[in-house]
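Remarks on the structure that follows.
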Amino acid sequence: MTRFYKQLGTIKALSFDLDDTLYANAPVIAAAEVAMLTSLQRHKPQLTQNDIAYWQLQRQLVAVQNPQLRHDVSQWRLVAVEQGLQAQGVSHCEAQELAELAVSAFLEARTTIQVTRSTVQLLEQLASRFPLVAITNGNADIQKMGLAHCFQFALRAGPDGRMKPYPDLFATAARRLQLSTQHILHIGDHVRSDVLGALNAGCMAAWLNPAVSTEPRRQAPPLVLPHLELTSLDALLLLGA
């Protein structure tokens with residue numbers, strides 16, 4: 001099902017969010033968290049604090065101390081682990097080494113993502129008609145996911161600019177595509193980062209909200225309207241038809 005809220009302009013490129021747009025992200029992050037805890041347990045079994053709640057607290061503390069670090073989730077996690085280790089009496093040098101090992105384990109699991117064959121085929125069909133780019137606040141890797149052949153490039157918050165809903169990543173995408181942002185349709189599941197972010201940058205926005213077709217909305221109706229709302233990515237094949 002597709003709902004249109006605003007008239008679409010001329011679409012010359014598509015940008016995609018990754019997490020929870022092309023695959024379910026919660027089980028991926030859960031597995032990555034376990035991999036991080038396992039690494040810390042293996043290399044420093046005497047730690048008194050080594051559970052998800054403790055490391056989440058460390059991230060919250062780091063975010064208060066250095067809000068800008070939140071724009072790079074990998075660096076944010078690394079600093080939080082270093083800080084959390086030092087809070088338990090681990091020396092600065094050892095904390096750095098252990099944190100790098102732990103975050104490497106997290107990223108290895110975090111980038112082990114299985115995208116369904118139907119989604120890959122959908123992206124391949126769309127890529128034959130439009131330039132596709134990936135724009136993510138996370139640290140997923142399109143190369144490791146086997147999606148690099150579908151996208152012109154991927155942009156990630158941190159190395160490539162501030163996270164969505166700031167307009168940085170969208171503006172960079174438009175510049176690299178040599179297009180005006182008004183000709184880019186961004187597709188994503190998150191009302192604030194994807195819909196508001198795209199609109200802030202002058203892009204068109206497609207809100208992916210699959211839950212609405214089978215159950216109550218998983219997100220409240222958006223405070224800012226996207227151009228269209230989708231219950232399935234397959235509806236994108238009708239663009240320009």
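Chain identifiers are assigned as A, B, and so on, following the order in which chains appear in the structure tokens; residues are numbered from 1 within each chain, and ligands are numbered from 1 in order of appearance.
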
Neighbour list for Asp20 (chain A) as a ChimeraX atom specification, cut-off 12 Å, only C-alpha atoms, skip fewer than 3 positions in-chain
/A:16-17,23-29,113,115,136-138,140,187-190,194,207-211,233

Within 12 Å of region 68-75 of chain A, which residues of region 126-189 of chain A show up? Give each one with its shortest atom-to-atom distance in Å (one decimal) and the two atoms involved, counting only C-alpha atoms, rows by chain then rising residue number, as a Markdown table.
```
| residue | atom | partner | partner_atom | distance |
| --- | --- | --- | --- | --- |
| A:Thr136 | CA | A:Asp72 | CA | 10.7 |
| A:Asn137 | CA | A:His71 | CA | 7.5 |
| A:Gly138 | CA | A:Val73 | CA | 6.4 |
| A:Asn139 | CA | A:Ser74 | CA | 6.8 |
| A:Ala140 | CA | A:Ser74 | CA | 10.3 |
| A:Leu155 | CA | A:Asp72 | CA | 11.9 |
| A:Arg156 | CA | A:Asp72 | CA | 8.2 |
| A:Ala157 | CA | A:His71 | CA | 5.7 |
| A:Gly158 | CA | A:Asp72 | CA | 4.0 |
| A:Pro159 | CA | A:Asp72 | CA | 7.1 |
| A:Asp160 | CA | A:Asp72 | CA | 9.3 |
| A:Gly161 | CA | A:His71 | CA | 7.7 |
| A:Arg162 | CA | A:His71 | CA | 5.4 |
| A:Met163 | CA | A:His71 | CA | 5.3 |
| A:Lys164 | CA | A:His71 | CA | 8.9 |
| A:Pro165 | CA | A:His71 | CA | 10.9 |
| A:Tyr166 | CA | A:His71 | CA | 10.1 |
| A:Asp168 | CA | A:His71 | CA | 11.2 |
| A:Leu169 | CA | A:His71 | CA | 11.4 |
```

Shell of 7 Å around Thr2 (chain A), only C-alpha atoms, local chain residues under 5 positions omitted, as a PDB file with C-alpha atoms, in the first residue's frame:
```pdb
ATOM      1  CA  LEU A 228       4.713   9.284   0.371  1.00  0.00           C
ATOM      2  CA  GLU A 229       4.340   6.425   2.830  1.00  0.00           C
ATOM      3  CA  LEU A 230       5.143   2.853   1.820  1.00  0.00           C
ATOM      4  CA  THR A 231       4.250  -0.443   3.436  1.00  0.00           C
ATOM      5  CA  ALA A 235       6.098  -0.045  -4.392  1.00  0.00           C
TER       6      ALA A 235
END
```

With only C-alpha atoms as the atoms that count, which of A:Leu14, A:Val34, A:Leu78, A:Val224 lies nearest to Leu123 (chain A)?
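Between A:Leu14, A:Val34, A:Leu78, A:Val224, the residue approaching Leu123 (chain A) most closely is A:Leu14.
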
Residues flagged alpha helix (DSSP H) by DSSP in region 56-232 of chain A, as a PDB file with C-alpha atoms, in the first residue's frame:
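The resulting file, result07.pdb, is reproduced below:
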```
ATOM      1  CA  GLN A  56      25.073   1.599  27.503  1.00  0.00           C
ATOM      2  CA  LEU A  57      25.535   3.744  30.591  1.00  0.00           C
ATOM      3  CA  GLN A  58      29.115   4.486  29.538  1.00  0.00           C
ATOM      4  CA  ARG A  59      27.899   5.604  26.132  1.00  0.00           C
ATOM      5  CA  GLN A  60      25.353   7.901  27.754  1.00  0.00           C
ATOM      6  CA  LEU A  61      28.052   9.428  29.934  1.00  0.00           C
ATOM      7  CA  VAL A  62      30.319  10.006  26.942  1.00  0.00           C
ATOM      8  CA  ALA A  63      27.433  11.587  25.004  1.00  0.00           C
ATOM      9  CA  VAL A  64      26.920  14.098  27.817  1.00  0.00           C
ATOM     10  CA  GLN A  65      30.644  14.889  27.978  1.00  0.00           C
ATOM     11  CA  VAL A  73      28.738   5.743  16.384  1.00  0.00           C
ATOM     12  CA  SER A  74      31.882   3.626  16.018  1.00  0.00           C
ATOM     13  CA  GLN A  75      34.150   6.215  17.619  1.00  0.00           C
ATOM     14  CA  TRP A  76      31.514   6.899  20.264  1.00  0.00           C
ATOM     15  CA  ARG A  77      31.448   3.223  21.219  1.00  0.00           C
ATOM     16  CA  LEU A  78      35.244   3.014  21.265  1.00  0.00           C
ATOM     17  CA  VAL A  79      35.608   5.973  23.620  1.00  0.00           C
ATOM     18  CA  ALA A  80      32.827   4.634  25.859  1.00  0.00           C
ATOM     19  CA  VAL A  81      34.507   1.253  26.191  1.00  0.00           C
ATOM     20  CA  GLU A  82      37.872   2.861  26.942  1.00  0.00           C
ATOM     21  CA  GLN A  83      36.265   5.043  29.595  1.00  0.00           C
ATOM     22  CA  GLY A  84      34.296   2.159  31.088  1.00  0.00           C
ATOM     23  CA  LEU A  85      37.435   0.048  31.385  1.00  0.00           C
ATOM     24  CA  GLN A  86      39.404   2.826  33.034  1.00  0.00           C
ATOM     25  CA  HIS A  92      44.913   3.889  29.936  1.00  0.00           C
ATOM     26  CA  CYS A  93      47.132   1.934  27.531  1.00  0.00           C
ATOM     27  CA  GLU A  94      45.516  -1.426  28.272  1.00  0.00           C
ATOM     28  CA  ALA A  95      42.049   0.111  28.067  1.00  0.00           C
ATOM     29  CA  GLN A  96      42.820   1.418  24.581  1.00  0.00           C
ATOM     30  CA  GLU A  97      44.021  -1.998  23.431  1.00  0.00           C
ATOM     31  CA  LEU A  98      41.090  -3.882  24.945  1.00  0.00           C
ATOM     32  CA  ALA A  99      38.589  -1.369  23.576  1.00  0.00           C
ATOM     33  CA  GLU A 100      39.961  -1.706  20.063  1.00  0.00           C
ATOM     34  CA  LEU A 101      39.688  -5.506  20.262  1.00  0.00           C
ATOM     35  CA  ALA A 102      36.164  -5.320  21.658  1.00  0.00           C
ATOM     36  CA  VAL A 103      34.895  -2.797  19.122  1.00  0.00           C
ATOM     37  CA  SER A 104      36.517  -4.750  16.287  1.00  0.00           C
ATOM     38  CA  ALA A 105      34.574  -7.810  17.443  1.00  0.00           C
ATOM     39  CA  PHE A 106      31.409  -5.706  17.587  1.00  0.00           C
ATOM     40  CA  LEU A 107      31.925  -4.370  14.062  1.00  0.00           C
ATOM     41  CA  GLU A 108      32.713  -7.796  12.646  1.00  0.00           C
ATOM     42  CA  ALA A 109      29.379  -9.107  13.914  1.00  0.00           C
ATOM     43  CA  ARG A 110      27.580  -5.864  13.148  1.00  0.00           C
ATOM     44  CA  ARG A 117      17.564 -12.056  -2.164  1.00  0.00           C
ATOM     45  CA  SER A 118      14.279 -10.314  -2.985  1.00  0.00           C
ATOM     46  CA  THR A 119      15.620  -7.045  -1.565  1.00  0.00           C
ATOM     47  CA  VAL A 120      18.844  -7.381  -3.545  1.00  0.00           C
ATOM     48  CA  GLN A 121      16.847  -8.020  -6.716  1.00  0.00           C
ATOM     49  CA  LEU A 122      14.678  -4.993  -5.995  1.00  0.00           C
ATOM     50  CA  LEU A 123      17.736  -2.776  -5.587  1.00  0.00           C
ATOM     51  CA  GLU A 124      19.237  -4.177  -8.796  1.00  0.00           C
ATOM     52  CA  GLN A 125      16.058  -3.331 -10.707  1.00  0.00           C
ATOM     53  CA  LEU A 126      15.967   0.180  -9.274  1.00  0.00           C
ATOM     54  CA  ALA A 127      19.687   0.659  -9.978  1.00  0.00           C
ATOM     55  CA  ASP A 168      25.056  17.159   5.720  1.00  0.00           C
ATOM     56  CA  LEU A 169      24.887  13.645   4.240  1.00  0.00           C
ATOM     57  CA  PHE A 170      22.097  14.518   1.819  1.00  0.00           C
ATOM     58  CA  ALA A 171      23.960  17.607   0.623  1.00  0.00           C
ATOM     59  CA  THR A 172      27.129  15.569   0.096  1.00  0.00           C
ATOM     60  CA  ALA A 173      25.198  12.953  -1.851  1.00  0.00           C
ATOM     61  CA  ALA A 174      23.678  15.591  -4.115  1.00  0.00           C
ATOM     62  CA  ARG A 175      27.074  17.176  -4.698  1.00  0.00           C
ATOM     63  CA  ARG A 176      28.670  13.861  -5.623  1.00  0.00           C
ATOM     64  CA  LEU A 177      25.754  12.968  -7.892  1.00  0.00           C
ATOM     65  CA  GLY A 197      16.368  14.807   7.527  1.00  0.00           C
ATOM     66  CA  ALA A 198      15.493  14.500   3.852  1.00  0.00           C
ATOM     67  CA  LEU A 199      13.050  17.398   3.990  1.00  0.00           C
ATOM     68  CA  ASN A 200      15.578  19.553   5.869  1.00  0.00           C
TER      69      ASN A 200
END
```

I'd like to know which residues of region 77-212 of chain A are strand (DSSP E) (by DSSP, run on the backbone); could you write them as a list in words?
Leu132, Val133, Ala134, Ile135, Thr136, Phe153, Ala154, Leu155, Arg156, Ile184, Leu185, His186, Ile187, Gly188, Met204, Ala205, Ala206, Trp207 and Leu208 of chain A

What gap, in Å, lies between CA of Ile184 (chain A) and CA of Ile142 (chain A)?
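It comes out at 19.8 Å.
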
In Å, how far is it from CA of His227 (chain A) to CA of Gln7 (chain A)?
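Computing it gives 6.6 Å between the two atoms.
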
Restricting the calculation to only C-alpha atoms: of A:Leu8, A:Ala148, A:Met36, A:Leu236, which residue gets closest to Cys203 (chain A)?
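For Cys203 (chain A), the nearest of the given residues is A:Leu8.
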
Looking at A:Pro67, A:Ser91, A:Asp51, A:Pro45, which one is nearest to Glu33 (chain A), with distances taken over only C-alpha atoms?
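The answer is A:Asp51, which sits nearest to Glu33 (chain A).
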
Just the number, please: distance in Å from CA of Thr38 (chain A) to CA of Ala154 (chain A), one decimal.
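Separating CA of Thr38 (chain A) from CA of Ala154 (chain A) is a distance of 29.9 Å.
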
Using only C-alpha atoms, which of A:Gln46, A:Gln41, A:Gln143, A:Ser232 sits nearest Thr111 (chain A)?
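Smallest distance to Thr111 (chain A) is found for A:Gln143.
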
Let me make sure I understand: among A:Ala205, A:Leu225, A:Leu237, A:Leu185, which one has the smallest atom-to-atom distance to Thr10 (chain A) if we use only C-alpha atoms?
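Result for the nearest residue to Thr10 (chain A): A:Leu185.
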
List as JSON, numbers by chain the protein and nucleic acid residues near Leu18 (chain A), meaning an atom at most 7 Å away when only C-alpha atoms are counted, but skip any in the same chain fewer than 3 places from it.
{"A": [21, 22, 134, 136]}

Can you write just those residues out, N, CA and C atoms, as a PDB file, in the first residue's frame?
```pdb
ATOM      1  N   THR A  21      15.577  -0.499   7.172  1.00  0.00           N
ATOM      2  CA  THR A  21      14.953  -0.182   5.891  1.00  0.00           C
ATOM      3  C   THR A  21      15.180  -1.327   4.907  1.00  0.00           C
ATOM      4  N   LEU A  22      16.420  -1.806   4.843  1.00  0.00           N
ATOM      5  CA  LEU A  22      16.735  -2.924   3.946  1.00  0.00           C
ATOM      6  C   LEU A  22      16.808  -4.260   4.678  1.00  0.00           C
ATOM      7  N   ALA A 134      23.544   5.066  -0.594  1.00  0.00           N
ATOM      8  CA  ALA A 134      23.164   4.691   0.771  1.00  0.00           C
ATOM      9  C   ALA A 134      23.575   5.809   1.714  1.00  0.00           C
ATOM     10  N   THR A 136      23.526   6.497   5.847  1.00  0.00           N
ATOM     11  CA  THR A 136      23.247   5.854   7.131  1.00  0.00           C
ATOM     12  C   THR A 136      23.857   6.595   8.312  1.00  0.00           C
TER      13      THR A 136
END
```
